[in-house]
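*Asks:* Structure supplied as final_8.txt; contents: compact mmCIF, C-alpha atoms and all ligand atoms.
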# COMPACT_ATOMS: atom_id res chain seq x y z
CA MET A 125 -76.80 -7.16 -6.98
CA GLN A 126 -77.38 -3.80 -8.67
CA ILE A 127 -78.30 -0.32 -7.45
CA GLU A 128 -81.62 0.84 -8.89
CA GLN A 129 -82.12 4.22 -7.26
CA VAL A 130 -80.81 6.62 -4.62
CA GLU A 131 -83.79 8.22 -2.87
CA PRO A 132 -83.12 11.17 -0.53
CA VAL A 133 -85.58 11.69 2.34
CA VAL A 134 -85.45 15.10 4.09
CA LEU A 135 -86.78 15.18 7.64
CA GLU A 136 -87.66 17.99 10.01
CA SER A 137 -85.35 18.41 12.99
CA ALA A 138 -86.53 16.58 16.11
CA ILE A 139 -84.44 18.68 18.49
CA GLY A 140 -84.25 22.40 19.24
CA THR A 141 -81.58 24.85 18.15
CA VAL A 142 -78.13 25.29 19.62
CA SER A 143 -76.30 28.61 19.53
CA LEU A 144 -72.79 28.32 18.06
CA PRO A 145 -70.16 30.99 18.78
CA GLY A 146 -68.33 32.95 16.11
CA GLY A 147 -68.63 36.62 17.00
CA LYS A 148 -70.35 38.31 14.06
CA ASN A 149 -70.68 34.88 12.44
CA ALA A 150 -72.49 33.25 15.37
CA PHE A 151 -75.57 31.28 14.34
CA ASP A 152 -78.31 29.00 15.60
CA ALA A 153 -77.82 25.42 14.43
CA THR A 154 -80.05 22.38 14.45
CA VAL A 155 -80.09 18.83 13.03
CA THR A 156 -82.13 18.48 9.81
CA PRO A 157 -81.49 14.93 8.52
CA VAL A 158 -81.23 13.82 4.90
CA VAL A 159 -81.53 10.04 4.73
CA ALA A 160 -80.10 8.26 1.65
CA LYS A 161 -82.25 5.23 0.81
CA VAL A 162 -80.35 3.13 -1.73
CA HIS A 163 -82.67 0.68 -3.47
CA THR A 164 -81.34 -2.51 -5.10
CA ASP A 165 -82.78 -5.04 -7.57
CA GLU A 166 -82.74 -7.71 -4.84
CA GLY A 167 -84.97 -5.76 -2.47
CA VAL A 168 -82.20 -4.89 0.00
CA VAL A 169 -82.47 -1.20 0.93
CA GLY A 170 -79.43 0.58 2.37
CA LEU A 171 -79.76 3.51 4.77
CA GLY A 172 -77.21 6.27 5.18
CA GLU A 173 -77.55 9.77 6.54
CA THR A 174 -76.19 13.26 6.60
CA TYR A 175 -77.69 16.39 8.14
CA LEU A 176 -77.78 20.14 7.71
CA ASP A 177 -77.81 22.76 10.40
CA ASP A 178 -80.41 25.32 9.29
CA PRO A 179 -83.76 25.27 11.08
CA SER A 180 -85.60 26.30 7.86
CA GLY A 181 -84.71 23.05 6.07
CA HIS A 182 -83.67 24.93 2.89
CA LYS A 183 -80.09 23.65 2.92
CA ALA A 184 -81.28 20.08 3.49
CA LEU A 185 -83.68 20.26 0.54
CA THR A 186 -80.84 21.53 -1.67
CA ALA A 187 -78.52 18.77 -0.42
CA ALA A 188 -81.20 16.20 -1.30
CA LYS A 189 -81.20 17.39 -4.93
CA GLY A 190 -77.41 16.94 -5.03
CA MET A 191 -77.74 13.46 -3.55
CA GLU A 192 -80.32 12.46 -6.13
CA ALA A 193 -78.10 13.74 -8.97
CA LEU A 194 -75.02 11.96 -7.63
CA GLY A 195 -77.05 8.79 -7.17
CA HIS A 196 -77.55 8.47 -10.94
CA GLU A 197 -73.83 7.66 -11.23
CA LEU A 198 -74.47 4.44 -9.31
CA GLU A 199 -77.40 3.00 -11.22
CA GLY A 200 -76.77 -0.56 -12.43
CA LYS A 201 -73.61 -0.96 -10.30
CA ASP A 202 -72.89 -3.42 -7.46
CA PRO A 203 -73.38 -1.65 -4.09
CA ARG A 204 -71.16 -4.18 -2.27
CA ASP A 205 -67.95 -2.92 -3.91
CA VAL A 206 -68.11 0.08 -1.63
CA VAL A 207 -64.57 1.40 -2.06
CA ALA A 208 -64.81 1.28 -5.87
CA ARG A 209 -68.14 3.16 -5.69
CA TRP A 210 -66.63 5.71 -3.26
CA HIS A 211 -63.82 6.55 -5.69
CA GLU A 212 -66.19 6.79 -8.68
CA LEU A 213 -68.31 9.29 -6.75
CA TYR A 214 -65.30 11.16 -5.37
CA VAL A 215 -64.21 12.08 -8.91
CA HIS A 216 -67.43 14.13 -9.15
CA VAL A 217 -67.66 15.24 -5.53
CA LYS A 218 -64.19 16.79 -5.39
CA ARG A 219 -65.27 19.15 -8.16
CA GLU A 220 -68.86 19.79 -7.03
CA GLY A 221 -68.50 19.64 -3.27
CA SER A 222 -71.39 17.23 -2.57
CA PHE A 223 -69.57 15.66 0.36
CA ARG A 224 -72.78 15.33 2.34
CA ALA A 225 -74.30 13.28 -0.49
CA LEU A 226 -71.17 11.13 -0.82
CA SER A 227 -71.14 10.53 2.95
CA ALA A 228 -74.77 9.42 3.21
CA ILE A 229 -74.56 7.23 0.10
CA ASP A 230 -71.34 5.60 1.33
CA GLU A 231 -73.01 4.74 4.65
CA ALA A 232 -75.98 3.25 2.79
CA LEU A 233 -73.66 1.08 0.66
CA TRP A 234 -71.98 -0.29 3.80
CA ASP A 235 -75.47 -0.92 5.21
CA ILE A 236 -76.32 -2.95 2.07
CA LYS A 237 -73.02 -4.83 2.23
CA GLY A 238 -73.76 -5.75 5.84
CA LYS A 239 -77.38 -6.72 5.22
CA ALA A 240 -76.41 -8.81 2.17
CA SER A 241 -73.78 -10.73 4.14
CA GLY A 242 -75.75 -10.93 7.41
CA LYS A 243 -73.03 -9.10 9.36
CA PRO A 244 -72.88 -5.82 11.28
CA VAL A 245 -70.64 -3.21 9.62
CA TYR A 246 -68.05 -3.35 12.42
CA GLU A 247 -67.44 -7.01 11.48
CA LEU A 248 -66.79 -5.97 7.88
CA LEU A 249 -64.27 -3.38 9.15
CA GLY A 250 -62.28 -6.03 10.99
CA GLY A 251 -64.27 -6.56 14.20
CA ARG A 252 -64.40 -4.82 17.54
CA VAL A 253 -61.19 -3.80 19.29
CA GLY A 254 -62.18 -2.98 22.88
CA GLU A 255 -64.41 -0.97 25.15
CA LEU A 256 -65.92 2.19 23.71
CA LYS A 257 -67.11 5.06 25.89
CA ALA A 258 -69.23 8.06 25.04
CA TYR A 259 -68.39 11.57 26.12
CA ALA A 260 -71.19 14.08 26.59
CA THR A 261 -71.37 17.11 24.36
CA PHE A 262 -73.51 19.51 26.30
CA PRO A 263 -74.27 22.28 23.83
CA LEU A 264 -76.74 24.32 25.89
CA SER A 265 -75.54 27.86 26.52
CA LYS A 266 -75.79 28.29 30.28
CA PRO A 267 -74.02 30.20 33.04
CA ALA A 268 -71.14 28.31 34.66
CA GLU A 269 -73.09 27.69 37.90
CA GLN A 270 -75.77 25.79 35.99
CA LEU A 271 -73.17 23.86 34.00
CA ILE A 272 -71.75 22.64 37.32
CA GLU A 273 -75.17 21.25 38.27
CA ASP A 274 -75.43 19.53 34.90
CA ALA A 275 -71.92 18.15 35.33
CA GLY A 276 -73.15 16.24 38.40
CA TRP A 277 -75.98 14.76 36.36
CA LEU A 278 -73.60 13.65 33.58
CA ALA A 279 -71.03 12.27 36.03
CA ASP A 280 -73.74 10.18 37.74
CA LYS A 281 -74.48 8.58 34.37
CA GLY A 282 -70.83 7.63 33.99
CA PHE A 283 -69.77 9.87 31.09
CA PRO A 284 -65.98 10.25 31.40
CA THR A 285 -65.93 13.76 29.89
CA MET A 286 -68.23 16.72 29.42
CA LYS A 287 -67.63 19.08 26.49
CA ILE A 288 -68.88 22.64 26.67
CA VAL A 289 -69.03 25.46 24.15
CA ALA A 290 -66.21 28.04 24.30
CA GLY A 291 -65.16 30.72 21.83
CA HIS A 292 -66.96 33.61 23.51
CA GLY A 293 -63.85 35.72 24.10
CA ILE A 294 -60.79 35.29 26.31
CA ASP A 295 -62.33 36.75 29.47
CA ASN A 296 -65.62 34.85 29.20
CA ASP A 297 -63.90 31.59 28.38
CA THR A 298 -61.35 32.00 31.18
CA GLU A 299 -64.09 32.55 33.74
CA LYS A 300 -66.22 29.68 32.46
CA ILE A 301 -63.34 27.18 32.25
CA THR A 302 -62.04 28.11 35.68
CA THR A 303 -65.42 28.00 37.44
CA VAL A 304 -66.53 24.71 35.87
CA ALA A 305 -63.12 22.98 36.13
CA GLU A 306 -62.70 23.88 39.80
CA ASN A 307 -66.12 22.45 40.67
CA LEU A 308 -66.18 19.29 38.55
CA PRO A 309 -67.40 16.12 40.22
CA ASP A 310 -64.80 13.38 40.75
CA GLY A 311 -64.14 11.28 37.68
CA LEU A 312 -65.50 13.76 35.13
CA GLY A 313 -63.11 15.44 32.69
CA LEU A 314 -63.77 18.69 30.86
CA ALA A 315 -63.22 19.60 27.20
CA ILE A 316 -63.93 22.83 25.32
CA ASP A 317 -64.90 23.49 21.70
CA SER A 318 -64.50 26.94 20.15
CA ASN A 319 -65.63 25.94 16.64
CA THR A 320 -62.72 27.62 14.73
CA THR A 321 -63.39 31.00 16.35
CA TYR A 322 -60.00 32.27 17.53
CA THR A 323 -56.76 33.69 16.19
CA VAL A 324 -53.67 31.74 17.22
CA GLN A 325 -52.73 34.44 19.77
CA ASP A 326 -56.14 34.41 21.46
CA ALA A 327 -56.35 30.60 21.29
CA MET A 328 -52.96 30.47 23.04
CA ARG A 329 -54.31 32.51 25.97
CA VAL A 330 -57.47 30.41 26.29
CA GLY A 331 -55.38 27.26 25.81
CA GLU A 332 -53.09 28.27 28.69
CA VAL A 333 -56.12 28.38 31.00
CA ALA A 334 -57.30 25.03 29.62
CA SER A 335 -53.84 23.54 30.17
CA GLU A 336 -53.59 24.90 33.71
CA HIS A 337 -56.85 23.14 34.60
CA GLY A 338 -55.91 19.87 32.93
CA LEU A 339 -58.68 19.90 30.32
CA GLU A 340 -59.06 16.80 28.13
CA TRP A 341 -58.81 18.71 24.87
CA PHE A 342 -59.27 22.09 23.13
CA GLU A 343 -61.36 21.52 20.00
CA GLU A 344 -61.07 23.64 16.85
CA PRO A 345 -59.25 26.55 18.50
CA VAL A 346 -58.53 28.18 15.12
CA SER A 347 -59.59 27.73 11.50
CA HIS A 348 -59.23 24.17 10.22
CA THR A 349 -57.20 25.60 7.32
CA ASN A 350 -54.53 26.96 9.69
CA VAL A 351 -52.40 23.83 9.93
CA GLN A 352 -49.29 25.65 11.20
CA GLY A 353 -51.35 27.57 13.77
CA MET A 354 -52.78 24.33 15.17
CA ALA A 355 -49.29 22.83 15.16
CA GLN A 356 -47.96 25.79 17.18
CA LEU A 357 -50.75 25.40 19.75
CA ASN A 358 -50.25 21.64 19.90
CA ARG A 359 -46.52 22.08 20.48
CA ASP A 360 -46.67 24.92 23.02
CA LEU A 361 -49.69 23.88 25.12
CA SER A 362 -50.13 20.79 27.28
CA VAL A 363 -53.85 20.59 26.48
CA PRO A 364 -54.31 18.31 23.43
CA ILE A 365 -55.56 20.05 20.27
CA SER A 366 -58.38 18.38 18.33
CA ALA A 367 -60.10 19.02 14.98
CA TYR A 368 -61.08 17.47 11.61
CA GLN A 369 -64.86 17.94 11.69
CA ASN A 370 -64.51 20.55 8.91
CA ASN A 371 -62.10 18.49 6.80
CA LEU A 372 -63.14 16.61 3.67
CA ALA A 373 -62.06 13.03 2.88
CA HIS A 374 -58.99 11.46 4.47
CA TYR A 375 -56.36 13.31 2.40
CA PRO A 376 -55.91 16.39 4.69
CA ALA A 377 -54.76 14.04 7.47
CA VAL A 378 -51.42 13.77 5.62
CA ASP A 379 -50.58 17.47 6.16
CA LEU A 380 -51.91 17.48 9.71
CA LEU A 381 -49.79 14.47 10.64
CA GLU A 382 -46.68 15.89 8.98
CA ALA A 383 -47.11 19.15 10.91
CA ASN A 384 -48.00 17.29 14.14
CA ALA A 385 -50.95 19.67 14.37
CA LEU A 386 -53.43 17.49 16.29
CA GLU A 387 -53.53 14.88 19.04
CA ILE A 388 -57.18 13.99 18.42
CA TYR A 389 -58.84 13.52 15.01
CA GLN A 390 -62.60 14.07 14.82
CA PRO A 391 -63.89 13.23 11.32
CA ALA A 392 -67.64 13.83 10.96
CA LEU A 393 -68.99 10.82 9.08
CA ASP A 394 -71.93 12.82 7.69
CA PHE A 395 -69.49 15.15 5.90
CA VAL A 396 -66.00 13.64 5.61
CA GLY A 397 -67.06 11.01 3.06
CA GLY A 398 -68.87 8.45 5.22
CA ILE A 399 -67.50 5.25 6.70
CA THR A 400 -64.88 4.75 3.98
CA ALA A 401 -63.17 8.11 4.57
CA ALA A 402 -63.43 8.06 8.38
CA ASP A 403 -62.04 4.53 8.57
CA ARG A 404 -59.08 5.64 6.45
CA VAL A 405 -58.40 8.59 8.77
CA ALA A 406 -58.36 6.05 11.62
CA THR A 407 -55.85 3.86 9.77
CA MET A 408 -53.60 6.80 8.89
CA ILE A 409 -53.33 8.20 12.43
CA GLU A 410 -52.85 4.93 14.30
CA PRO A 411 -49.06 4.57 13.74
CA TYR A 412 -48.57 8.17 14.96
CA ASP A 413 -50.27 7.35 18.31
CA LYS A 414 -53.00 9.89 17.61
CA LYS A 415 -56.57 9.31 18.79
CA LEU A 416 -59.76 8.99 16.79
CA VAL A 417 -62.79 10.51 18.53
CA PRO A 418 -65.47 10.77 15.82
CA HIS A 419 -67.53 13.92 15.61
CA ALA A 420 -70.96 12.40 16.05
CA PHE A 421 -73.36 15.19 16.81
CA GLY A 422 -76.46 14.36 14.85
CA PRO A 423 -79.12 11.89 13.75
CA ALA A 424 -79.24 8.15 14.46
CA ILE A 425 -78.35 6.44 11.17
CA ASN A 426 -75.23 8.58 10.84
CA TYR A 427 -74.59 8.04 14.55
CA SER A 428 -74.75 4.29 14.10
CA ALA A 429 -72.28 4.51 11.20
CA SER A 430 -69.93 6.49 13.48
CA LEU A 431 -70.27 3.84 16.20
CA HIS A 432 -69.33 1.02 13.81
CA VAL A 433 -66.15 2.83 12.70
CA ALA A 434 -65.26 3.75 16.30
CA ALA A 435 -65.79 0.20 17.58
CA ALA A 436 -63.49 -1.28 14.90
CA SER A 437 -60.62 1.22 15.16
CA PRO A 438 -57.56 0.53 17.39
CA ALA A 439 -57.05 4.33 17.56
CA CYS A 440 -60.47 4.86 19.13
CA SER A 441 -61.93 4.35 22.59
CA LEU A 442 -64.18 7.41 22.80
CA ILE A 443 -67.05 8.84 20.73
CA GLU A 444 -69.16 11.99 20.98
CA PHE A 445 -72.73 11.76 22.29
CA GLY A 446 -74.97 14.85 22.12
CA VAL A 447 -77.05 15.53 25.21
CA TYR A 448 -79.47 17.90 23.53
CA SER A 449 -81.83 18.56 26.44
CA ASP A 450 -81.59 18.92 30.21
CA GLU A 451 -85.25 17.93 30.60
CA ILE A 452 -84.82 14.19 30.03
CA ASP A 453 -84.49 11.73 32.91
CA ASP A 454 -81.58 9.80 31.45
CA PRO A 455 -78.86 11.72 29.55
CA GLY A 456 -77.76 8.44 27.93
CA GLU A 457 -81.01 8.21 25.99
CA TYR A 458 -80.80 8.92 22.25
CA ILE A 459 -83.58 11.32 21.23
CA ALA A 460 -82.64 12.96 17.92
CA SER A 461 -84.29 10.48 15.50
CA PRO A 462 -87.88 9.51 16.36
CA TYR A 463 -88.29 8.35 12.72
CA VAL A 464 -85.90 5.44 13.38
CA ALA A 465 -87.96 2.54 14.77
CA ASN A 466 -85.16 1.27 17.02
CA GLN A 467 -83.28 4.47 17.93
CA THR A 468 -83.32 3.20 21.54
CA ASP A 469 -80.77 0.56 20.45
CA ILE A 470 -78.34 3.47 20.66
CA TYR A 471 -77.91 4.00 24.37
CA VAL A 472 -75.16 5.06 26.77
CA GLN A 473 -75.05 2.53 29.58
CA GLY A 474 -74.18 3.22 33.21
CA GLY A 475 -70.41 3.70 33.33
CA GLY A 476 -70.51 5.57 30.02
CA THR A 477 -70.04 2.60 27.68
CA ILE A 478 -71.79 2.43 24.30
CA GLU A 479 -71.99 -0.29 21.64
CA PRO A 480 -72.87 -0.34 17.96
CA PRO A 481 -76.12 -2.15 17.06
CA ASP A 482 -75.32 -5.81 16.29
CA GLU A 483 -77.97 -6.46 13.63
CA PRO A 484 -76.71 -6.76 10.01
CA GLY A 485 -75.53 -3.55 8.34
CA LEU A 486 -75.82 -0.42 10.43
CA GLY A 487 -78.60 -2.12 12.40
CA LEU A 488 -81.28 0.58 12.27
CA GLU A 489 -84.68 0.59 10.54
CA LEU A 490 -86.99 3.46 9.61
CA ASP A 491 -90.50 3.75 11.02
CA ASP A 492 -92.30 4.63 7.77
CA GLU A 493 -95.30 6.23 9.49
CA VAL A 494 -93.16 8.55 11.59
CA VAL A 495 -90.99 9.33 8.54
CA GLU A 496 -94.12 10.72 6.83
CA GLU A 497 -94.85 12.94 9.87
CA TYR A 498 -91.37 14.49 9.69
CA ARG A 499 -90.88 14.41 5.93
CA LEU A 500 -90.11 17.74 4.17
CA ASN A 501 -89.61 16.54 0.56
MG MG B 601 -66.82 20.51 17.40
Take the structure in the file and write it out as structure tokens.

*Replies:*
Amino acid sequence: MQIEQVEPVVLESAIGTVSLPGGKNAFDATVTPVVAKVHTDEGVVGLGETYLDDPSGHKALTAAKGMEALGHELEGKDPRDVVARWHELYVHVKREGSFRALSAIDEALWDIKGKASGKPVYELLGGRVGELKAYATFPLSKPAEQLIEDAGWLADKGFPTMKIVAGHGIDNDTEKITTVAENLPDGLGLAIDSNTTYTVQDAMRVGEVASEHGLEWFEEPVSHTNVQGMAQLNRDLSVPISAYQNNLAHYPAVDLLEANALEIYQPALDFVGGITAADRVATMIEPYDKKLVPHAFGPAINYSASLHVAAASPACSLIEFGVYSDEIDDPGEYIASPYVANQTDIYVQGGGTIEPPDEPGLGLELDDEVVEEYRLN
């Protein structure tokens, strides 16, 4: 089997915008998907996906050009030798920075490998290891009183944890954490994400409040480049420190493990280098008793790829699930990818469990008519 062409498809975001903290650098983010369609001479088409965060779509259109250019490196080669292809592309990507392209293409190659062998990707990764639950990322900026109401809704569904946005200053965060944590429904844990906003000193103060209230984790308290800062927080606070969504490939995990900087590793499959890189992070952290909780905020094909890695990793029993709207009846419903014909196959069941699709490959198919409605390129 040979690769004939890598075709990027840019799609308009199907969800609204989310405000991310960062002081002067705060911005409104969304989910603009770039699907990698990898065509082969035997008619098997692989699907992979990355996404960009700008509502205008400009960054996604630029990423698509990079994906197309990188795709030429693969023409005439066997898509089923995924790891060999990953390393051939990485030689270029580490110089050019097209990690989004590498990630989507890698996912598409695994999809082909699965479709060609009639097996879901989790089988190719070694099979499933146990029950997987989804935690709810609730990114809507709301006052604490309203978050408490939403917490009841998420707890009723069975999500074990609710993650809210922090990073809005020590006083604001302290008040929000305290109010929400003291009014949480039984059985629901709380996590916070400050998206690399704080200095170590400020993160320490917010982390003390998080520790006092028994939060599940404190995500990206400081810059992902500040390995020693994360290590200090991880050593001095009882709340577990998590990060990795801004790291590229699996190589940075070496330094993070040596410094004991994190308890929870959150590679973003759309960016880290796809299934190949995320699965290697999972393998590296397992002997250190660290947890894999994939960053999986985004569109369905990439989400499915994240589910397959999570389901097959002994270091993983939890995955992110974005609840993008408070106006849906069922917060376990997946709504970000109407252009995927069977996006409803991704669903959080009562009790908070979630399973990867069990059709061959990643298990999702495009609805070509809806793709044309959303298509930007
Ligand atoms: Mg995050």

*Asks:* Do a neighbour search on Tyr389 of chain A at 7 Å with all atoms listed in the file, toss out local chain neighbours closer than 2 positions, and write the hits as a ChimeraX atom specification.

*Replies:* /A:366-368,386-387,391,415-417

*Asks:* Neighbouring residues of segment 238-246 of chain A were defined as those with any atom within 6 Å, considering all atoms listed in the file; residues of the same chain fewer than 4 positions away were excluded. Please report them as a short mmCIF file (atom, residue, chain, number, x, y, z; two decimals) with C-alpha atoms, keeping the file's coordinate frame.

*Replies:*
data_model
loop_
_atom_site.label_atom_id
_atom_site.label_comp_id
_atom_site.auth_asym_id
_atom_site.auth_seq_id
_atom_site.Cartn_x
_atom_site.Cartn_y
_atom_site.Cartn_z
CA GLY A 251 -64.27 -6.56 14.20
CA HIS A 432 -69.33 1.02 13.81
CA ALA A 436 -63.49 -1.28 14.90
CA ASP A 482 -75.32 -5.81 16.29
CA GLU A 483 -77.97 -6.46 13.63
CA PRO A 484 -76.71 -6.76 10.01
CA GLY A 485 -75.53 -3.55 8.34
CA LEU A 486 -75.82 -0.42 10.43
#

*Asks:* Counting all atoms listed in the file, what are the residues of chain A within 7 Å of ligand MG 601 (chain B), and for each of them which pair of atoms is the nearest and at what distance in Å, to one decimal? Sort the table by chain and rising number, as CSV.

*Replies:*
residue,atom,partner,partner_atom,distance
A:Asp317,CA,B:MG601,MG,5.6
A:Asn319,CA,B:MG601,MG,5.6
A:Glu343,CA,B:MG601,MG,6.1
A:Glu344,CA,B:MG601,MG,6.6
A:Gln369,CA,B:MG601,MG,6.6
A:His419,CA,B:MG601,MG,6.9

*Asks:* Restricting it to C-alpha atoms, dump the selection as a compact mmCIF listing (two decimals), in the coordinates of the input.

*Replies:*
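Contents of selection15.txt, freshly written:
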# COMPACT_ATOMS: atom_id res chain seq x y z
CA ASP A 317 -64.90 23.49 21.70
CA ASN A 319 -65.63 25.94 16.64
CA GLU A 343 -61.36 21.52 20.00
CA GLU A 344 -61.07 23.64 16.85
CA GLN A 369 -64.86 17.94 11.69
CA HIS A 419 -67.53 13.92 15.61

*Asks:* Find the residues around Glu128 of chain A up to 6 Å (all atoms listed in the file counted), leave out those fewer than 2 positions away in its own chain, and share them as a PyMOL selection string.

*Replies:* chain A and resi 163-164+199

*Asks:* At what distance in Å, to one decimal, does atom CA of Thr468 of chain A lie from atom CA of Arg252 of chain A?

*Replies:*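 About the pair atom CA of Arg252 of chain A and atom CA of Thr468 of chain A: they are 20.9 Å apart.
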
*Asks:* Ranking A:Pro364, A:Pro481, A:Gly167, A:Gly181 by minimum distance to Val133 of chain A and counting only C-alpha atoms, which one comes first?

*Replies:*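 Distance minimum relative to Val133 of chain A lands on A:Gly181.
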
*Asks:* Please indicate the distance in Å from atom CA of Ile459 of chain A to atom CA of Val159 of chain A, rounded to one decimal place.

*Replies:*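 Rounded to one decimal, the two atoms are 16.7 Å apart.
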
*Asks:* Quick one: distance from atom CA of Glu269 of chain A to atom CA of Met286 of chain A in Å, one decimal?

*Replies:*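 Going from atom CA of Glu269 of chain A over to atom CA of Met286 of chain A covers 14.7 Å.
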
*Asks:* Taking 3 positions as the minimum chain separation for residues in the same chain, which residues sit within 8 Å of segment 260-267 of chain A when counting all atoms listed in the file? Answer as a PyMOL selection string.

*Replies:* chain A and resi 142-143+270-271+278+283+285-289+300+444-449

*Asks:* His182 of chain A: which residues within 12 Å, counting all atoms listed in the file, same-chain residues fewer than 2 positions away excluded, as a PyMOL selection string?

*Replies:* chain A and resi 134-136+156-158+175-180+184-189+500-501

*Asks:* Now that the selection is made, can you save its residues with C-alpha atoms as an mmCIF file, in the coordinates of the input?

*Replies:*
data_model
loop_
_atom_site.group_PDB
_atom_site.id
_atom_site.type_symbol
_atom_site.label_atom_id
_atom_site.label_comp_id
_atom_site.auth_asym_id
_atom_site.auth_seq_id
_atom_site.Cartn_x
_atom_site.Cartn_y
_atom_site.Cartn_z
ATOM 1 C CA VAL A 134 -85.450 15.100 4.090
ATOM 2 C CA LEU A 135 -86.780 15.180 7.640
ATOM 3 C CA GLU A 136 -87.660 17.990 10.010
ATOM 4 C CA THR A 156 -82.130 18.480 9.810
ATOM 5 C CA PRO A 157 -81.490 14.930 8.520
ATOM 6 C CA VAL A 158 -81.230 13.820 4.900
ATOM 7 C CA TYR A 175 -77.690 16.390 8.140
ATOM 8 C CA LEU A 176 -77.780 20.140 7.710
ATOM 9 C CA ASP A 177 -77.810 22.760 10.400
ATOM 10 C CA ASP A 178 -80.410 25.320 9.290
ATOM 11 C CA PRO A 179 -83.760 25.270 11.080
ATOM 12 C CA SER A 180 -85.600 26.300 7.860
ATOM 13 C CA ALA A 184 -81.280 20.080 3.490
ATOM 14 C CA LEU A 185 -83.680 20.260 0.540
ATOM 15 C CA THR A 186 -80.840 21.530 -1.670
ATOM 16 C CA ALA A 187 -78.520 18.770 -0.420
ATOM 17 C CA ALA A 188 -81.200 16.200 -1.300
ATOM 18 C CA LYS A 189 -81.200 17.390 -4.930
ATOM 19 C CA LEU A 500 -90.110 17.740 4.170
ATOM 20 C CA ASN A 501 -89.610 16.540 0.560
#

*Asks:* Rank nothing, just name the residue among A:Cys440, A:Val215, A:Val324, A:Ala460 nearest to Tyr427 of chain A, using all atoms listed in the file.

*Replies:*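 Among the listed residues, the smallest separation from Tyr427 of chain A belongs to A:Ala460.
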
*Asks:* Given only C-alpha atoms as the basis, pick out the residue of A:Gly475, A:Gly331, A:Gly254, A:Gly311 nearest to Ser437 of chain A.

*Replies:*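 So, comparing all the options, the nearest one is A:Gly254.
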
*Asks:* Considering all atoms listed in the file, can you say which of A:Glu166, A:Asp235, A:Glu336, A:Glu131 comes closest to Ile425 of chain A?

*Replies:*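 Counting all atoms listed in the file, the residue closest to Ile425 of chain A is A:Asp235.
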
*Asks:* Under the rule that only C-alpha atoms are counted, which of A:Glu231, A:Asp310, A:Glu212, A:Glu192 is the nearest residue to Gly397 of chain A?

*Replies:*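 With only C-alpha atoms as the atom set, the closest residue is A:Glu231.
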
*Asks:* Considering only C-alpha atoms, state which residue in the set A:Trp234, A:Tyr471, A:Trp210, A:Tyr322 is at the smallest distance from His348 of chain A.

*Replies:*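 Nearest candidate to His348 of chain A out of A:Trp234, A:Tyr471, A:Trp210, A:Tyr322: A:Tyr322.
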